[in-house]
Every structure is written in structure tokens, then in C-alpha cells.
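Trainee: So here's upload05.csv (CSV, C-alpha atoms and all ligand atoms).
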chain,number,residue,atom,x,y,z
A,1,MET,CA,0.0,0.0,0.0
A,2,ASP,CA,1.3,3.5,-0.8
A,3,VAL,CA,0.5,6.8,0.8
A,4,ARG,CA,-2.1,7.8,-1.7
A,5,ALA,CA,-3.9,4.4,-1.4
A,6,ALA,CA,-3.8,4.5,2.4
A,7,LEU,CA,-5.4,8.0,2.4
A,8,LYS,CA,-8.1,7.0,-0.1
A,9,GLU,CA,-8.9,3.8,1.8
A,10,GLY,CA,-8.9,5.5,5.2
A,11,MET,CA,-11.2,8.3,4.1
A,12,ALA,CA,-13.6,5.8,2.5
A,13,GLN,CA,-13.9,3.8,5.7
A,14,LEU,CA,-14.4,6.8,7.9
A,15,ARG,CA,-16.9,8.4,5.5
A,16,ALA,CA,-18.8,5.1,5.5
A,17,ALA,CA,-18.8,5.1,9.3
A,18,GLN,CA,-20.2,8.7,9.2
A,19,VAL,CA,-17.2,10.1,11.1
A,20,PRO,CA,-17.2,13.9,11.1
A,21,SER,CA,-14.2,15.6,9.4
A,22,HIS,CA,-13.2,12.2,8.0
A,23,THR,CA,-10.6,13.7,5.6
A,24,LEU,CA,-8.7,15.5,8.4
A,25,ALA,CA,-9.0,12.4,10.7
A,26,THR,CA,-7.5,10.2,8.1
A,27,GLU,CA,-4.6,12.6,7.5
A,28,LEU,CA,-3.9,12.9,11.2
A,29,LEU,CA,-4.0,9.1,11.7
A,30,LEU,CA,-1.7,8.4,8.7
A,31,MET,CA,0.7,11.1,9.8
A,32,HIS,CA,0.7,9.5,13.3
A,33,ALA,CA,1.2,6.0,12.0
A,34,LEU,CA,4.1,7.1,9.7
A,35,GLY,CA,5.6,9.5,12.1
A,36,ARG,CA,5.7,12.1,9.3
A,37,ASP,CA,4.2,15.6,8.8
A,38,ARG,CA,1.5,16.6,6.3
A,39,ALA,CA,4.1,18.2,3.9
A,40,TRP,CA,6.0,14.9,3.6
A,41,MET,CA,2.8,12.9,3.2
A,42,TYR,CA,1.5,15.0,0.2
A,43,SER,CA,4.9,15.2,-1.4
A,44,HIS,CA,5.4,11.4,-1.3
A,45,PRO,CA,2.1,10.0,-2.5
A,46,GLU,CA,3.7,7.0,-4.2
A,47,GLU,CA,6.0,6.1,-1.3
A,48,SER,CA,5.1,2.6,-0.2
A,49,ILE,CA,4.3,2.2,3.5
A,50,ASP,CA,6.1,-0.5,5.5
A,51,PRO,CA,3.9,-3.3,6.7
A,52,THR,CA,4.2,-2.4,10.4
A,53,ALA,CA,3.1,1.2,9.8
A,54,ALA,CA,0.3,0.0,7.5
A,55,GLU,CA,-0.9,-2.3,10.2
A,56,ARG,CA,-0.8,0.5,12.7
A,57,PHE,CA,-2.8,2.8,10.4
A,58,VAL,CA,-5.5,0.1,9.6
A,59,ALA,CA,-5.9,-0.4,13.4
A,60,LEU,CA,-6.2,3.4,14.0
A,61,ILE,CA,-8.8,3.8,11.3
A,62,ALA,CA,-10.9,0.9,12.7
A,63,ARG,CA,-10.8,2.5,16.2
A,64,ARG,CA,-11.8,5.9,14.8
A,65,ALA,CA,-14.6,4.3,12.8
A,66,ALA,CA,-15.8,2.7,16.1
A,67,GLY,CA,-16.0,6.2,17.7
A,68,GLU,CA,-12.7,6.9,19.5
A,69,PRO,CA,-11.7,10.5,19.1
A,70,VAL,CA,-8.6,11.2,17.0
A,71,GLN,CA,-6.9,13.0,19.9
A,72,TYR,CA,-7.0,9.8,22.1
A,73,LEU,CA,-5.5,7.8,19.2
A,74,THR,CA,-2.7,10.3,18.5
A,75,GLY,CA,-2.3,11.2,22.2
A,76,LYS,CA,-2.1,14.9,21.6
A,77,GLN,CA,-4.1,18.2,21.2
A,78,GLU,CA,-3.0,21.7,20.7
A,79,PHE,CA,-4.2,24.4,23.1
A,80,TRP,CA,-3.1,28.1,23.1
A,81,GLY,CA,-0.4,27.2,20.6
A,82,LEU,CA,1.1,24.5,22.9
A,83,GLU,CA,0.9,20.8,22.3
A,84,PHE,CA,-0.7,18.8,25.2
A,85,GLU,CA,-0.6,15.1,25.8
A,86,VAL,CA,-4.1,13.7,26.2
A,87,THR,CA,-5.3,10.3,27.3
A,88,PRO,CA,-8.8,9.0,28.0
A,89,ASP,CA,-8.2,10.1,31.6
A,90,VAL,CA,-8.6,13.8,30.6
A,91,LEU,CA,-11.0,15.9,28.7
A,92,ILE,CA,-9.7,16.9,25.2
A,93,PRO,CA,-9.0,20.6,25.5
A,94,ARG,CA,-11.5,22.6,23.4
A,95,PRO,CA,-10.9,25.8,21.3
A,96,GLU,CA,-13.7,27.6,23.2
A,97,THR,CA,-11.7,27.2,26.5
A,98,GLU,CA,-9.1,29.5,25.0
A,99,HIS,CA,-11.6,32.3,25.7
A,100,ILE,CA,-10.7,31.8,29.4
A,101,MET,CA,-7.1,32.6,28.6
A,102,GLU,CA,-8.0,35.7,26.5
A,103,VAL,CA,-10.4,37.1,29.2
A,104,ALA,CA,-8.0,36.3,32.1
A,105,LEU,CA,-5.0,37.8,30.4
A,106,ALA,CA,-6.9,40.9,29.2
A,107,ARG,CA,-8.2,41.5,32.8
A,108,LEU,CA,-4.7,41.1,34.2
A,109,GLY,CA,-3.2,43.3,31.5
A,110,GLU,CA,-5.7,46.1,32.0
A,111,ARG,CA,-4.6,46.7,35.5
A,112,GLY,CA,-0.9,46.1,34.9
A,113,ILE,CA,-0.5,43.0,37.0
A,114,LYS,CA,1.0,41.1,34.2
A,115,ILE,CA,3.9,43.4,33.7
A,116,HIS,CA,5.2,46.6,35.3
A,117,MET,CA,3.6,49.3,33.1
A,118,ASP,CA,6.6,51.6,33.6
A,119,THR,CA,9.4,49.2,32.7
A,120,GLY,CA,7.6,46.3,30.9
A,121,ALA,CA,9.3,43.8,33.2
A,122,PRO,CA,7.2,40.9,34.4
A,123,ARG,CA,5.7,41.4,37.8
A,124,GLU,CA,6.7,39.3,40.7
A,125,SER,CA,4.4,36.9,42.7
A,126,LEU,CA,1.1,36.4,41.0
A,127,ARG,CA,-0.9,33.6,42.5
A,128,VAL,CA,-3.2,31.7,40.2
A,129,ALA,CA,-5.5,28.7,40.6
A,130,ASP,CA,-7.0,26.3,38.0
A,131,VAL,CA,-9.9,24.3,39.4
A,132,GLY,CA,-10.5,21.0,37.6
A,133,THR,CA,-7.3,21.1,35.6
A,134,GLY,CA,-7.7,17.9,33.6
A,135,SER,CA,-4.9,17.8,31.0
A,136,GLY,CA,-3.5,20.9,32.7
A,137,CYS,CA,-4.1,23.0,29.6
A,138,LEU,CA,-5.2,26.2,31.4
A,139,ALA,CA,-2.7,25.9,34.3
A,140,VAL,CA,0.2,25.2,32.0
A,141,ALA,CA,-0.7,27.9,29.4
A,142,LEU,CA,-1.2,30.4,32.2
A,143,ALA,CA,2.2,29.5,33.8
A,144,TRP,CA,3.7,29.8,30.4
A,145,GLU,CA,2.2,33.2,29.7
A,146,LEU,CA,2.9,34.5,33.2
A,147,PRO,CA,6.5,33.7,34.1
A,148,HIS,CA,6.1,35.4,37.5
A,149,ALA,CA,3.0,33.3,38.5
A,150,GLU,CA,2.8,30.5,41.0
A,151,VAL,CA,-0.1,28.2,40.0
A,152,PHE,CA,-2.2,25.8,42.0
A,153,ALA,CA,-4.0,23.2,39.9
A,154,THR,CA,-6.6,21.0,41.4
A,155,ASP,CA,-8.5,17.9,40.2
A,156,ILE,CA,-10.6,15.2,41.8
A,157,SER,CA,-9.0,12.7,39.4
A,158,ALA,CA,-5.6,11.3,40.3
A,159,PRO,CA,-5.0,9.9,36.7
A,160,ALA,CA,-5.8,13.3,35.2
A,161,LEU,CA,-3.3,15.0,37.5
A,162,GLU,CA,-0.6,12.6,36.3
A,163,VAL,CA,-1.3,13.7,32.7
A,164,ALA,CA,-1.3,17.4,33.8
A,165,ARG,CA,2.1,16.9,35.6
A,166,ARG,CA,3.6,15.5,32.4
A,167,ASN,CA,2.3,18.4,30.4
A,168,ALA,CA,3.7,20.9,32.9
A,169,ALA,CA,7.1,19.1,32.6
A,170,ARG,CA,6.8,19.1,28.8
A,171,HIS,CA,6.4,22.9,28.7
A,172,ASP,CA,9.0,23.5,31.4
A,173,VAL,CA,6.7,25.0,34.0
A,174,ALA,CA,6.4,22.1,36.5
A,175,ASP,CA,8.5,24.0,39.1
A,176,ARG,CA,5.8,26.7,39.4
A,177,ILE,CA,2.6,24.5,39.5
A,178,HIS,CA,1.4,22.7,42.6
A,179,PHE,CA,-0.9,19.9,41.7
A,180,LEU,CA,-3.5,19.0,44.3
A,181,GLN,CA,-6.0,16.1,44.3
A,182,CYS,CA,-9.1,17.4,45.9
A,183,ASP,CA,-12.8,18.4,45.6
A,184,LEU,CA,-12.7,21.9,43.9
A,185,LEU,CA,-10.6,24.1,46.2
A,186,THR,CA,-10.9,22.2,49.4
A,187,ALA,CA,-7.2,21.3,49.8
A,188,ILE,CA,-6.5,25.0,49.8
A,189,GLU,CA,-9.6,26.0,51.8
A,190,ASN,CA,-9.2,23.4,54.5
A,191,ALA,CA,-5.5,24.4,54.8
A,192,ASN,CA,-5.1,22.8,58.2
A,193,PRO,CA,-2.9,19.7,58.0
A,194,ALA,CA,-4.6,18.2,61.1
A,195,SER,CA,-8.1,18.3,59.5
A,196,ALA,CA,-9.6,15.3,57.7
A,197,GLY,CA,-8.9,15.2,54.0
A,198,ALA,CA,-6.1,17.8,54.2
A,199,ARG,CA,-3.4,15.3,53.1
A,200,HIS,CA,-2.6,17.6,50.3
A,201,ALA,CA,-3.0,20.9,52.3
A,202,VAL,CA,-0.8,23.7,51.0
A,203,ALA,CA,-0.7,26.1,53.9
A,204,ALA,CA,-0.4,25.6,57.7
A,205,SER,CA,-3.3,27.7,59.0
A,206,THR,CA,-6.2,29.8,57.9
A,207,GLN,CA,-3.9,32.9,58.1
A,208,ASP,CA,-1.5,31.2,55.8
A,209,ARG,CA,-4.1,30.5,53.1
A,210,PRO,CA,-2.8,31.6,49.8
A,211,GLN,CA,-4.6,34.7,48.6
A,212,PHE,CA,-5.2,34.4,44.9
A,213,ASP,CA,-5.0,37.1,42.1
A,214,LEU,CA,-6.7,34.9,39.5
A,215,MET,CA,-8.8,31.8,39.5
A,216,VAL,CA,-10.0,30.0,36.4
A,217,SER,CA,-12.1,27.0,35.9
A,218,ASN,CA,-13.8,25.0,33.2
A,219,PRO,CA,-15.9,22.8,35.4
A,220,PRO,CA,-18.0,19.8,34.3
A,221,TYR,CA,-21.2,21.5,33.1
A,222,ILE,CA,-23.2,19.1,30.9
A,223,ALA,CA,-26.5,17.9,32.3
A,224,ARG,CA,-26.5,14.2,33.0
A,225,ASN,CA,-30.1,14.3,31.7
A,226,ASP,CA,-28.7,15.3,28.3
A,227,ALA,CA,-26.2,12.4,28.1
A,228,ALA,CA,-28.2,10.6,25.4
A,229,GLU,CA,-27.9,13.7,23.1
A,230,LEU,CA,-24.1,13.9,23.2
A,231,GLN,CA,-21.9,12.7,20.3
A,232,ARG,CA,-20.8,9.1,20.9
A,233,GLU,CA,-17.1,10.3,20.7
A,234,VAL,CA,-17.8,12.4,23.8
A,235,ARG,CA,-20.3,10.3,25.8
A,236,ASP,CA,-18.5,6.9,25.3
A,237,HIS,CA,-14.9,8.1,25.5
A,238,GLU,CA,-14.3,11.2,27.5
A,239,PRO,CA,-14.2,10.9,31.3
A,240,HIS,CA,-17.7,11.4,32.8
A,241,ALA,CA,-16.2,13.2,35.8
A,242,ALA,CA,-15.0,15.9,33.3
A,243,LEU,CA,-18.4,16.1,31.5
A,244,PHE,CA,-21.3,16.0,33.9
A,245,GLY,CA,-21.9,18.6,36.5
A,246,GLY,CA,-25.1,16.9,37.9
A,247,PRO,CA,-28.6,16.2,36.7
A,248,THR,CA,-29.0,19.7,35.2
A,249,GLY,CA,-25.3,20.5,34.7
A,250,VAL,CA,-25.1,23.8,36.7
A,251,GLU,CA,-24.7,22.1,40.1
A,252,MET,CA,-21.0,22.7,40.6
A,253,TYR,CA,-21.0,26.5,40.1
A,254,GLN,CA,-22.4,27.7,43.4
A,255,ARG,CA,-19.9,25.8,45.5
A,256,LEU,CA,-17.0,26.8,43.3
A,257,ILE,CA,-18.0,30.5,43.3
A,258,ASP,CA,-18.3,30.4,47.2
A,259,GLN,CA,-14.9,28.8,47.6
A,260,ALA,CA,-13.3,31.2,45.1
A,261,ARG,CA,-14.7,34.2,46.9
A,262,ASP,CA,-13.1,33.1,50.2
A,263,LEU,CA,-9.7,32.6,48.5
A,264,LEU,CA,-9.4,35.5,46.1
A,265,ARG,CA,-7.8,38.7,47.4
A,266,GLY,CA,-9.6,42.1,46.9
A,267,ARG,CA,-10.0,42.7,43.2
A,268,GLY,CA,-8.9,39.1,42.5
A,269,ILE,CA,-10.3,37.8,39.2
A,270,LEU,CA,-12.5,34.7,38.7
A,271,VAL,CA,-13.0,33.4,35.1
A,272,LEU,CA,-15.4,30.5,34.5
A,273,GLU,CA,-16.4,28.6,31.4
A,274,LEU,CA,-20.2,28.3,31.0
A,275,GLY,CA,-22.3,25.5,29.6
A,276,HIS,CA,-24.3,26.4,26.5
A,277,ASP,CA,-27.4,27.3,28.5
A,278,SER,CA,-26.0,28.1,31.9
A,279,ALA,CA,-25.2,31.8,31.6
A,280,ASP,CA,-28.5,33.0,33.3
A,281,HIS,CA,-28.1,30.6,36.2
A,282,VAL,CA,-24.5,31.4,36.9
A,283,ARG,CA,-24.9,35.2,36.4
A,284,GLY,CA,-27.8,34.9,39.0
A,285,ILE,CA,-25.3,33.5,41.6
A,286,PHE,CA,-23.1,36.6,41.2
A,287,ASP,CA,-26.1,39.0,41.2
A,288,ALA,CA,-27.3,37.4,44.5
A,289,GLU,CA,-24.0,37.8,46.3
A,290,PRO,CA,-22.5,41.1,47.6
A,291,GLY,CA,-18.9,39.9,47.3
A,292,TRP,CA,-18.5,40.5,43.5
A,293,THR,CA,-18.1,43.3,41.1
A,294,ASN,CA,-17.3,43.9,37.4
A,295,VAL,CA,-19.3,40.8,36.2
A,296,ALA,CA,-19.2,40.3,32.4
A,297,ILE,CA,-19.9,37.6,30.0
A,298,THR,CA,-18.0,36.9,26.8
A,299,MET,CA,-19.5,35.1,23.7
A,300,ASP,CA,-17.7,32.3,21.9
A,301,LEU,CA,-17.3,32.3,18.1
A,302,ALA,CA,-20.6,30.5,17.8
A,303,GLY,CA,-22.3,33.4,19.7
A,304,ILE,CA,-22.9,31.3,22.8
A,305,PRO,CA,-22.3,33.1,26.2
A,306,ARG,CA,-19.2,31.0,27.1
A,307,VAL,CA,-17.1,32.8,29.7
A,308,LEU,CA,-18.1,34.7,32.8
A,309,ALA,CA,-15.5,36.9,34.5
A,310,ALA,CA,-15.9,38.7,37.8
A,311,GLU,CA,-13.8,40.4,40.4
A,312,ARG,CA,-13.8,40.0,44.2
A,313,ALA,CA,-15.0,43.3,45.7
A,314,ARG,CA,-12.3,44.9,47.9
B,1,LIG,C1,-14.5,20.1,31.8
B,1,LIG,S1,-13.1,19.3,32.5
B,1,LIG,C2,-11.9,20.6,32.2
B,1,LIG,C3,-10.5,20.1,32.1
B,1,LIG,C4,-9.5,21.2,31.6
B,1,LIG,N1,-9.5,22.3,32.6
B,1,LIG,C5,-9.9,21.8,30.3
B,1,LIG,O1,-10.4,22.9,30.2
B,1,LIG,O2,-9.8,21.1,29.3
B,1,LIG,C6,-13.4,19.3,34.2
B,1,LIG,C7,-12.3,18.7,35.1
B,1,LIG,O3,-12.8,18.9,36.5
B,1,LIG,C8,-12.5,17.7,37.2
B,1,LIG,N2,-13.5,17.6,38.3
B,1,LIG,C9,-14.7,17.1,38.3
B,1,LIG,N3,-15.3,17.3,39.5
B,1,LIG,C10,-14.4,17.9,40.3
B,1,LIG,C11,-14.4,18.3,41.6
B,1,LIG,N4,-15.4,18.1,42.4
B,1,LIG,N5,-13.3,18.9,42.1
B,1,LIG,C12,-12.2,19.0,41.3
B,1,LIG,N6,-12.1,18.7,40.0
B,1,LIG,C13,-13.2,18.1,39.5
B,1,LIG,C14,-12.6,16.6,36.2
B,1,LIG,O4,-11.9,15.5,36.6
B,1,LIG,C15,-12.0,17.3,34.9
B,1,LIG,O5,-10.7,17.1,34.8
Reformat the file's structure so that it appears as C-alpha cells.
Ligand SMILES: C[S@@+](CC[C@H](N)C(=O)[O-])C[C@H]1O[C@@H](n2cnc3c(N)ncnc32)[C@H](O)[C@@H]1O
Mentor:
Amino acid sequence: MDVRAALKEGMAQLRAAQVPSHTLATELLLMHALGRDRAWMYSHPEESIDPTAAERFVALIARRAAGEPVQYLTGKQEFWGLEFEVTPDVLIPRPETEHIMEVALARLGERGIKIHMDTGAPRESLRVADVGTGSGCLAVALAWELPHAEVFATDISAPALEVARRNAARHDVADRIHFLQCDLLTAIENANPASAGARHAVAASTQDRPQFDLMVSNPPYIARNDAAELQREVRDHEPHAALFGGPTGVEMYQRLIDQARDLLRGRGILVLELGHDSADHVRGIFDAEPGWTNVAITMDLAGIPRVLAAERAR
């Protein structure tokens, strides 16, 4: 089999299996099986593929046709211009989550806490948290963008944190990210080593609790009641702890917002990703609480209210 024939056959099989973006999927899987880039592939259509690589490609196409996402087959996904390892233990980073980065960096930049406005030098000591870090895409991208930041990244899933740790090492920011396995922010909130569940506590007493400048989170927000309507790639392959927020999907926001309010310093920024129909509910939480100011919602490219940002009142 040569490269051209492999592409043709792969595309035909994925089309027949009604796989979305079957051309791109075939290309990515062949590139992965061959260990080559797209330019090589299209400049060598008559190159014959060795039997081991051909076998690998055939197996990958079969798995994609059966519903496995391309990213779990190739083990990678780009986010914020950085390549991240992904495994079935973590959510595949989505392009809309990059709006969290944009909003967070814009808010930090506006007030000059990303750099010294007079000299342009990076500011010292910015404390950031990423709640439900998954692959670590937000924590790592923020650490990468903010060389003066110390980042705390939490997740309930130990296997997800292992992937996140590897991604931090891959991008050389592991020495500035603390990974904590806990429910939302509890390892930081219950920062008393003697208390139950504080095995991973990061501070010695309530007074020592880190005061955060920025908190971001893309929490699980899909309604479990809507599971049947999800694409099979998502429902059958991505971790359910990363997808479902509860029966209606919005269940996690109130607790997350309450914990964040206690840990942000005055004017500290909270940036949350929203489910496609959760904006009113989440906005309502901020409207009902006196501790917040400067609440704003940003639309994604599809016009869906996707990111809510707010600041802790002084
Ligand atoms: C939607 S995924 C987001 C992953 C990553 N931040 C991203 O944007 O791609 C949500 C993450 O939250 C984690 N999670 C779910 N419930 C949690 C909880 N109660 N406390 C901490 N993390 C939780 C999941 O394991 C998952 O990694």
C-alpha cells in the first residue's frame, strides 16, 4: 500500500462510518502511523508504507470508525499554541476554552499586574488557581504566559493530575505549578494539616491560606439528563467526571464560586467557562452575592455566552 492508497482507503472507511471531518481524521492518523508531517505525506504519494506502519494505520482507522476521538488515538491536542498530551483520563481541550485565557490575560493586563507598566518587566508573585485542571491546559498555558506566577491546579481525578504533571514538565513550568488532588478548592480552603482530608494541604493555618490574584475553571457542566444527546465520541470516550456537572449541569458553580470568593484577594479575578445554556443561572449567583463586582460575559465564536468573569469586591 502506498501513501495515496492509504489516504483513499482510510477516508472511504471513515466516511462510510459517518465520522465527522473524515478527511482530516485520516490525514492525522496516517501522519501519526508514519511519524511524518503533512508536507511529507503529500509530497510522497507514491511512497510505499512499510507493513508495520500500514498495520498501525489500519488499526487506528478501525478504532476511529468505532468512535474513538482522533486525539486519544494520536495522544495529543493543541491548546493556546502549545501541544498537550491527552489520554482517555482527561477531557480533550476545546478551542472555546481559549476564551478563558483571553479574558484572564486581558483583565490582568488592564490593571498592569501582568507586567510593570513603567518598565515592561514581568511582575513578581502572581498567584493563580485552575480548578478541575484535567490535562493541565489552562494551568500550563497560564504558567507559560505569566513567568512570575505560582499556579495551584486541582482535580478530583488522580490519573488526570498525572497527565497534567507531564504536560507541565513538557512545557518547562512544572516547578511553578502545585498539583492537588481534591474536591474543587478544598485542599487550599481546609488548609489545616490536622483536618480530615487535608493530606494535600498547601498552607499551615487559615492565616497562611494563599490569597489568589486569579482563579480560572472549566468545570464539568453538561446535564446528566442530556447524556443521550451527546456525540458518541464524547459520551462513550471522554471521562464522565469531566463532563457531567449533575442532573441539570449547573450544580457545581455555586460551591465553586463560594470557595473562590473566600480565597481571592480584593480585586482578585475569577474566570469561569459556561455551559451552552447556563449563563443566566451562573450570572444569577453573582447577582445574588454582595462579594462580587465587574461581572461580564463573553460570547464564543458561535455566539454562545461562554465565559463569565468577575472580580472580588475589595
Ligand atoms: C470540563 S473538564 C476541564 C479540564 C480542563 N481544565 C480543560 O479545560 O480542558 C473538568 C475537570 O474537572 C474535574 N473535576 C470534576 N469534578 C471535580 C471536583 N469536584 N473537584 C475538582 N475537580 C473536579 C474533572 O476530573 C475534569 O478534569
Trainee: Pick out the closest residue to Val216 (chain A) from this set: A:Val131, A:Ala279, A:Val140, A:Ala288. Count only C-alpha atoms.
Mentor: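 Ranking A:Val131, A:Ala279, A:Val140, A:Ala288 by distance to Val216 (chain A), first place goes to A:Val131.
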Trainee: Residues at most 12 Å from Pro20 (chain A), counting only C-alpha atoms, excluding those fewer than 5 positions away in the same chain, as a list in words?
Mentor: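 Residues meeting the cut-off are Met11, Gln13, Leu14, Arg15, Ala25, Thr26, Arg64, Ala65, Gly67, Glu68, Pro69, Val70, Gln231, Arg232 and Glu233 of chain A.
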Trainee: Nearest to Ala260 (chain A): which of A:Leu30, A:Val86, A:Ala310, A:Leu105 is it, counting all atoms listed in the file?
Mentor: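 Closest residue, counting all atoms listed in the file: A:Ala310.
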Trainee: If we count all atoms listed in the file, what is near Val163 (chain A) at a cut-off of 9 Å, once residues fewer than 6 positions away on the same chain are taken out, given as a count of residues only?
Mentor: 8
Trainee: Would you list the contacts of Cys137 (chain A) as a ChimeraX atom specification, taking every protein, DNA or RNA residue within 8 Å and counting only C-alpha atoms, but skipping same-chain residues closer than 4 positions in sequence?
Mentor: /A:79,84,93,133,141,164,167
Trainee: Write as a PyMOL selection string the residues around ligand LIG 1 (chain B), taking 7 Å as the cut-off and counting only C-alpha atoms and all ligand atoms.
Mentor: chain A and resi 90-94+97+131-138+154-157+160+182-184+217-221+241-243
Trainee: Excluding same-chain residues fewer than 2 positions from Ile304 (chain A), what lies within 10 Å of it counting only C-alpha atoms, as an MDAnalysis selection string?
Mentor: chainID A and resid 96 274:277 279 298:302 306:307
Trainee: Can you measure CA of Asp213 (chain A) to CA of Thr119 (chain A) for me? One decimal in Å is fine.
Mentor: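 Atom-to-atom, CA of Asp213 (chain A) and CA of Thr119 (chain A) are spaced 21.0 Å apart.
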Trainee: Write out as a PyMOL selection string which residues come within 12 Å of region 1-8 of chain A when counting only C-alpha atoms, dropping same-chain ones fewer than 6 positions away.
Mentor: chain A and resi 14-15+22-31+33-34+36+38+40-58+60-61
Trainee: I'd like the interatomic distance between CA of Met101 (chain A) and CA of Val271 (chain A), to a tenth of an Å.
Mentor: 8.8 Å
Trainee: One decimal, Å: what's the distance from CA of Leu185 (chain A) over to CA of Ala153 (chain A), could you say?
Mentor: 9.2 Å
Trainee: Which one of A:Gly284, A:Gly112, A:Gly291, A:Gly75 sits closest to Pro88 (chain A) if you count only C-alpha atoms?
Mentor: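 The closest residue to Pro88 (chain A) is A:Gly75.
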Trainee: Find the residue from A:Arg312, A:His178, A:Arg166, A:Arg235 that sits nearest to Asp262 (chain A); use only C-alpha atoms when measuring.
Mentor: A:Arg312
